[in-house]
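Containing compact mmCIF, C-alpha atoms: model-v3.txt.
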```
# COMPACT_ATOMS: atom_id res chain seq x y z
CA LEU A 1 14.55 9.89 0.55
CA ALA A 2 15.95 8.25 -2.60
CA SER A 3 12.89 9.18 -4.63
CA PHE A 4 13.11 12.80 -3.47
CA THR A 5 16.86 12.95 -4.14
CA GLY A 6 16.50 11.41 -7.59
CA THR A 7 13.72 13.80 -8.54
CA ALA A 8 15.71 16.78 -7.26
CA PHE A 9 18.79 15.68 -9.21
CA VAL A 10 16.83 15.32 -12.46
CA PHE A 11 15.12 18.66 -11.80
CA LEU A 12 18.49 20.41 -11.37
CA ALA A 13 20.01 18.65 -14.38
CA THR A 14 17.15 19.65 -16.69
CA ARG A 15 16.99 22.94 -18.56
CA ALA A 16 14.53 25.46 -17.11
CA GLU A 17 12.14 25.42 -20.07
CA TYR A 18 11.59 21.66 -19.59
CA ARG A 19 11.13 21.77 -15.83
CA LYS A 20 7.62 20.82 -14.95
CA ALA A 21 6.19 18.60 -12.28
CA PHE A 22 7.87 15.60 -13.89
CA GLY A 23 7.73 12.39 -11.95
CA VAL A 24 4.57 13.40 -10.10
CA THR A 25 1.98 10.66 -10.44
CA LYS A 26 -1.44 12.04 -11.31
CA VAL A 27 -4.78 10.44 -11.97
CA ASN A 28 -5.92 10.97 -15.56
CA THR A 29 -9.08 13.04 -15.77
CA SER A 30 -10.70 10.42 -18.02
CA ILE A 31 -10.97 7.90 -15.14
CA THR A 32 -12.53 8.03 -11.70
CA ILE A 33 -10.65 7.84 -8.42
CA GLY A 34 -12.11 4.38 -7.85
CA GLN A 35 -10.77 3.22 -11.20
CA ALA A 36 -7.37 4.71 -10.37
CA LEU A 37 -7.36 2.85 -7.06
CA LEU A 38 -8.23 -0.38 -8.85
CA ILE A 39 -5.52 0.16 -11.47
CA GLU A 40 -2.84 0.87 -8.85
CA SER A 41 -3.97 -2.14 -6.80
CA THR A 42 -3.95 -4.45 -9.80
CA THR A 43 -0.58 -3.38 -11.18
CA THR A 44 1.01 -3.71 -7.74
CA LEU A 45 -0.64 -7.09 -7.22
CA LEU A 46 0.84 -8.36 -10.49
CA LEU A 47 4.28 -6.99 -9.64
CA VAL A 48 4.38 -8.45 -6.12
CA PHE A 49 2.93 -11.73 -7.36
CA ALA A 50 5.64 -11.96 -10.04
CA LEU A 51 8.24 -11.20 -7.40
CA PHE A 52 6.99 -13.99 -5.12
CA ALA A 53 6.62 -16.51 -7.92
CA SER A 54 10.04 -15.86 -9.42
CA CYS A 55 11.99 -15.77 -6.15
CA ASP A 56 10.31 -18.70 -4.37
CA ARG A 57 12.85 -21.41 -3.58
CA ASN A 58 10.15 -24.07 -3.34
CA ARG A 59 9.36 -23.69 -7.03
CA THR A 60 11.27 -25.91 -9.38
CA ASP A 61 9.35 -25.08 -12.56
CA ALA A 62 10.71 -21.54 -13.10
CA ARG A 63 12.59 -21.51 -16.40
CA LEU A 64 13.35 -17.78 -16.71
CA PRO A 65 15.62 -15.68 -14.49
CA ALA A 66 13.82 -13.80 -11.71
CA SER A 67 15.13 -10.46 -12.95
CA LEU A 68 13.50 -11.01 -16.35
CA ILE A 69 10.15 -12.03 -14.85
CA ILE A 70 10.09 -9.04 -12.50
CA GLY A 71 11.21 -6.68 -15.27
CA LEU A 72 8.44 -7.92 -17.55
CA ALA A 73 5.88 -7.39 -14.78
CA VAL A 74 7.11 -3.80 -14.28
CA ALA A 75 7.08 -3.17 -18.04
CA ALA A 76 3.56 -4.59 -18.42
CA GLY A 77 2.31 -2.50 -15.50
CA HIS A 78 3.83 0.65 -16.92
CA LEU A 79 2.60 0.06 -20.47
CA PHE A 80 -0.91 -0.32 -19.13
CA ALA A 81 -1.08 2.21 -16.29
CA VAL A 82 1.25 5.14 -17.13
CA PRO A 83 -1.35 6.97 -19.24
CA LEU A 84 -4.03 6.41 -16.59
CA THR A 85 -2.39 6.80 -13.18
CA GLY A 86 1.33 7.21 -13.75
CA ALA A 87 1.91 3.58 -12.71
CA SER A 88 3.37 4.21 -9.30
CA MET A 89 3.16 0.61 -8.03
CA ASN A 90 5.19 1.84 -5.03
CA PRO A 91 4.24 4.58 -2.55
CA ALA A 92 7.85 5.69 -2.15
CA ARG A 93 8.10 6.32 -5.89
CA SER A 94 5.20 8.80 -5.69
CA LEU A 95 6.29 10.46 -2.46
CA GLY A 96 9.55 12.06 -3.66
CA PRO A 97 8.16 14.03 -6.61
CA SER A 98 5.08 15.04 -4.60
CA LEU A 99 7.30 16.40 -1.84
CA LEU A 100 9.50 18.34 -4.26
CA PHE A 101 6.64 19.88 -6.25
CA CYS A 102 4.03 20.04 -3.43
CA GLU A 103 1.43 18.22 -5.52
CA TRP A 104 -0.85 16.16 -3.28
CA GLU A 105 -4.05 15.81 -5.29
CA HIS A 106 -5.32 12.22 -4.90
CA HIS A 107 -1.94 11.22 -3.47
CA TRP A 108 -3.66 8.76 -1.12
CA VAL A 109 -4.45 6.57 -4.16
CA TYR A 110 -0.72 5.87 -4.51
CA TRP A 111 -0.52 4.65 -0.91
CA VAL A 112 -3.79 2.78 -0.50
CA GLY A 113 -3.79 1.13 -3.96
CA PRO A 114 -0.32 -0.43 -3.82
CA THR A 115 -0.84 -1.50 -0.21
CA MET A 116 -4.09 -3.24 -1.12
CA GLY A 117 -2.46 -4.89 -4.13
CA ALA A 118 0.56 -6.10 -2.18
CA VAL A 119 -1.58 -7.58 0.62
CA ALA A 120 -3.83 -9.28 -1.93
CA ALA A 121 -0.78 -10.74 -3.71
CA CYS A 122 0.48 -12.16 -0.40
CA PHE A 123 -2.81 -13.88 0.30
CA LEU A 124 -3.24 -15.13 -3.26
CA TYR A 125 0.25 -16.56 -3.44
CA ASP A 126 0.40 -18.09 0.02
CA PHE A 127 -3.13 -19.40 0.36
CA LEU A 128 -4.54 -19.87 -3.11
CA LEU A 129 -1.63 -21.10 -5.18
CA CYS A 130 0.34 -22.45 -2.24
CA PRO A 131 3.67 -23.57 -3.72
CA ASP A 132 4.61 -25.67 -0.64
CA PRO A 133 3.72 -29.22 -1.77
CA GLU A 134 3.20 -30.61 1.75
CA LEU A 135 0.89 -27.78 2.76
CA LYS A 136 -0.91 -28.00 -0.58
CA ARG A 137 -1.50 -31.73 -0.06
CA ARG A 138 -2.90 -31.13 3.42
CA LEU A 139 -5.17 -28.30 2.26
CA LYS A 140 -6.58 -30.23 -0.70
CA ALA A 141 -7.19 -33.58 1.00
CA PRO A 142 -10.10 -34.07 3.38
CA PRO A 143 -8.81 -34.52 6.97
CA HIS A 144 -9.74 -38.21 7.17
CA LEU A 145 -7.61 -38.90 4.06
CA VAL A 146 -4.46 -37.13 5.21
CA GLU A 147 -1.80 -39.69 5.93
CA LYS A 148 -0.84 -39.84 9.59
CA PRO A 149 2.87 -40.06 10.43
CA GLU A 150 2.53 -43.53 12.01
CA GLU A 151 0.80 -44.85 8.87
CA LYS A 152 3.57 -43.44 6.71
CA GLU A 153 6.18 -45.28 8.78
CA LEU A 154 4.28 -48.56 8.35
CA PHE A 155 4.31 -48.20 4.58
CA GLU A 156 7.98 -47.25 4.55
CA VAL A 157 8.97 -50.54 6.25
CA GLY A 158 7.06 -52.55 3.66
CA VAL A 159 3.74 -53.36 5.36
CA ARG A 160 0.85 -53.44 2.94
CA VAL A 161 -2.82 -54.39 2.91
CA THR A 162 -3.81 -57.26 0.61
CA PRO A 163 -6.74 -57.03 -1.85
CA GLU A 164 -8.85 -59.31 0.38
CA ASP A 165 -9.34 -56.32 2.70
CA LYS A 166 -12.38 -54.82 0.98
CA ASP A 167 -13.89 -52.82 3.87
CA GLY A 168 -10.70 -51.05 4.93
CA ILE A 169 -10.66 -52.97 8.21
CA GLN A 170 -7.28 -54.43 8.93
CA SER A 171 -6.81 -57.72 10.68
CA ASP A 172 -3.71 -59.85 11.12
CA SER A 173 -4.86 -62.20 8.36
CA ASN A 174 -5.16 -59.35 5.82
CA ILE A 175 -1.69 -57.89 6.32
CA SER A 176 1.37 -59.25 4.62
CA VAL A 177 4.97 -58.06 4.83
CA ALA A 178 6.69 -57.18 1.58
```
Using structure tokens, write down the structure that the file contains.
Amino acid sequence: LASFTGTAFVFLATRAEYRKAFGVTKVNTSITIGQALLIESTTTLLLVFALFASCDRNRTDARLPASLIIGLAVAAGHLFAVPLTGASMNPARSLGPSLLFCEWEHHWVYWVGPTMGAVAACFLYDFLLCPDPELKRRLKAPPHLVEKPEEKELFEVGVRVTPEDKDGIQSDSNISVA
């Protein structure tokens, strides 16, 4: 609704000789539909990934404001994709102008591409980069090396294994209290 209203407002505010199908996202004739789908997927993936990375509360290494990071991702996506696909990166952004001007050629690209990119960004961020340190530790370590809660409690109270315990087998004679 907002995209349609914004397009209609700009259409009405523009002089008649400049009124064209502005705002309608179209695939450039120099690329294939598959390439357009890949471009829309990739630009959306980068945008959603930047959004997740900059707004994640578990991250402590972010030095720039989230608004700057997201803005740079949008700018990079537009600089790359506007001449090729119109850089929709959002199905709602393409819907309004298409409704107003009744231009539906290859419109599905602007729904399928961003959806694929957003889903891929979710999986990449949550499962590949995994910013949760506890989950990351569990995923990286083999199961037999993951510290069990009862072992953690023993170490917290100061129980340790002495160097004489070479085989990893604990006995009362090999344990000393710190």
- Between atom CA of Glu40 of chain A and atom CA of Ser88 of chain A - distance in Å to one decimal: 7.1 Å
- Query: Between A:Ser30, A:Thr42, A:Thr60, A:Ser3, which one has atoms that come closest to Val112 of chain A, using all atoms listed in the file?
  - Reply: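 Using all atoms listed in the file, the shortest distance to Val112 of chain A belongs to A:Thr42.
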- Task: Determine the nearest neighbour of Tyr125 of chain A from the options A:Ala16, A:Val10, A:Ala36, A:Leu46, counting only C-alpha atoms.
- Result: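 Counting only C-alpha atoms, the residue closest to Tyr125 of chain A is A:Leu46.
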- Item | Atomic distance atom CA of Gly23 of chain A - atom CA of Pro97 of chain A, expressed in Å with one decimal | 5.6 Å
- Message: I'd like to know which of A:Leu72, A:Ala13, A:Val48, A:Leu99 is closest to Pro114 of chain A, using only C-alpha atoms.
- Response: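 Residue with the minimum atom-to-atom distance to Pro114 of chain A: A:Val48.
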Extract, using all atoms listed in the file, all DNA, RNA and protein residues at most 12 Å from Ala92 of chain A, discarding same-chain residues fewer than 5 positions from it, and format them as an mmCIF file with C-alpha atoms, in the frame of the given file.
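Once written, around29.cif looks like this:
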```cif
data_model
loop_
_atom_site.group_PDB
_atom_site.id
_atom_site.type_symbol
_atom_site.label_atom_id
_atom_site.label_comp_id
_atom_site.auth_asym_id
_atom_site.auth_seq_id
_atom_site.Cartn_x
_atom_site.Cartn_y
_atom_site.Cartn_z
ATOM 1 C CA LEU A 1 14.550 9.890 0.550
ATOM 2 C CA ALA A 2 15.950 8.250 -2.600
ATOM 3 C CA SER A 3 12.890 9.180 -4.630
ATOM 4 C CA PHE A 4 13.110 12.800 -3.470
ATOM 5 C CA THR A 5 16.860 12.950 -4.140
ATOM 6 C CA GLY A 6 16.500 11.410 -7.590
ATOM 7 C CA THR A 7 13.720 13.800 -8.540
ATOM 8 C CA GLY A 23 7.730 12.390 -11.950
ATOM 9 C CA VAL A 24 4.570 13.400 -10.100
ATOM 10 C CA THR A 25 1.980 10.660 -10.440
ATOM 11 C CA PRO A 97 8.160 14.030 -6.610
ATOM 12 C CA SER A 98 5.080 15.040 -4.600
ATOM 13 C CA LEU A 99 7.300 16.400 -1.840
ATOM 14 C CA HIS A 107 -1.940 11.220 -3.470
ATOM 15 C CA TRP A 108 -3.660 8.760 -1.120
ATOM 16 C CA TYR A 110 -0.720 5.870 -4.510
ATOM 17 C CA TRP A 111 -0.520 4.650 -0.910
ATOM 18 C CA PRO A 114 -0.320 -0.430 -3.820
ATOM 19 C CA THR A 115 -0.840 -1.500 -0.210
#
```
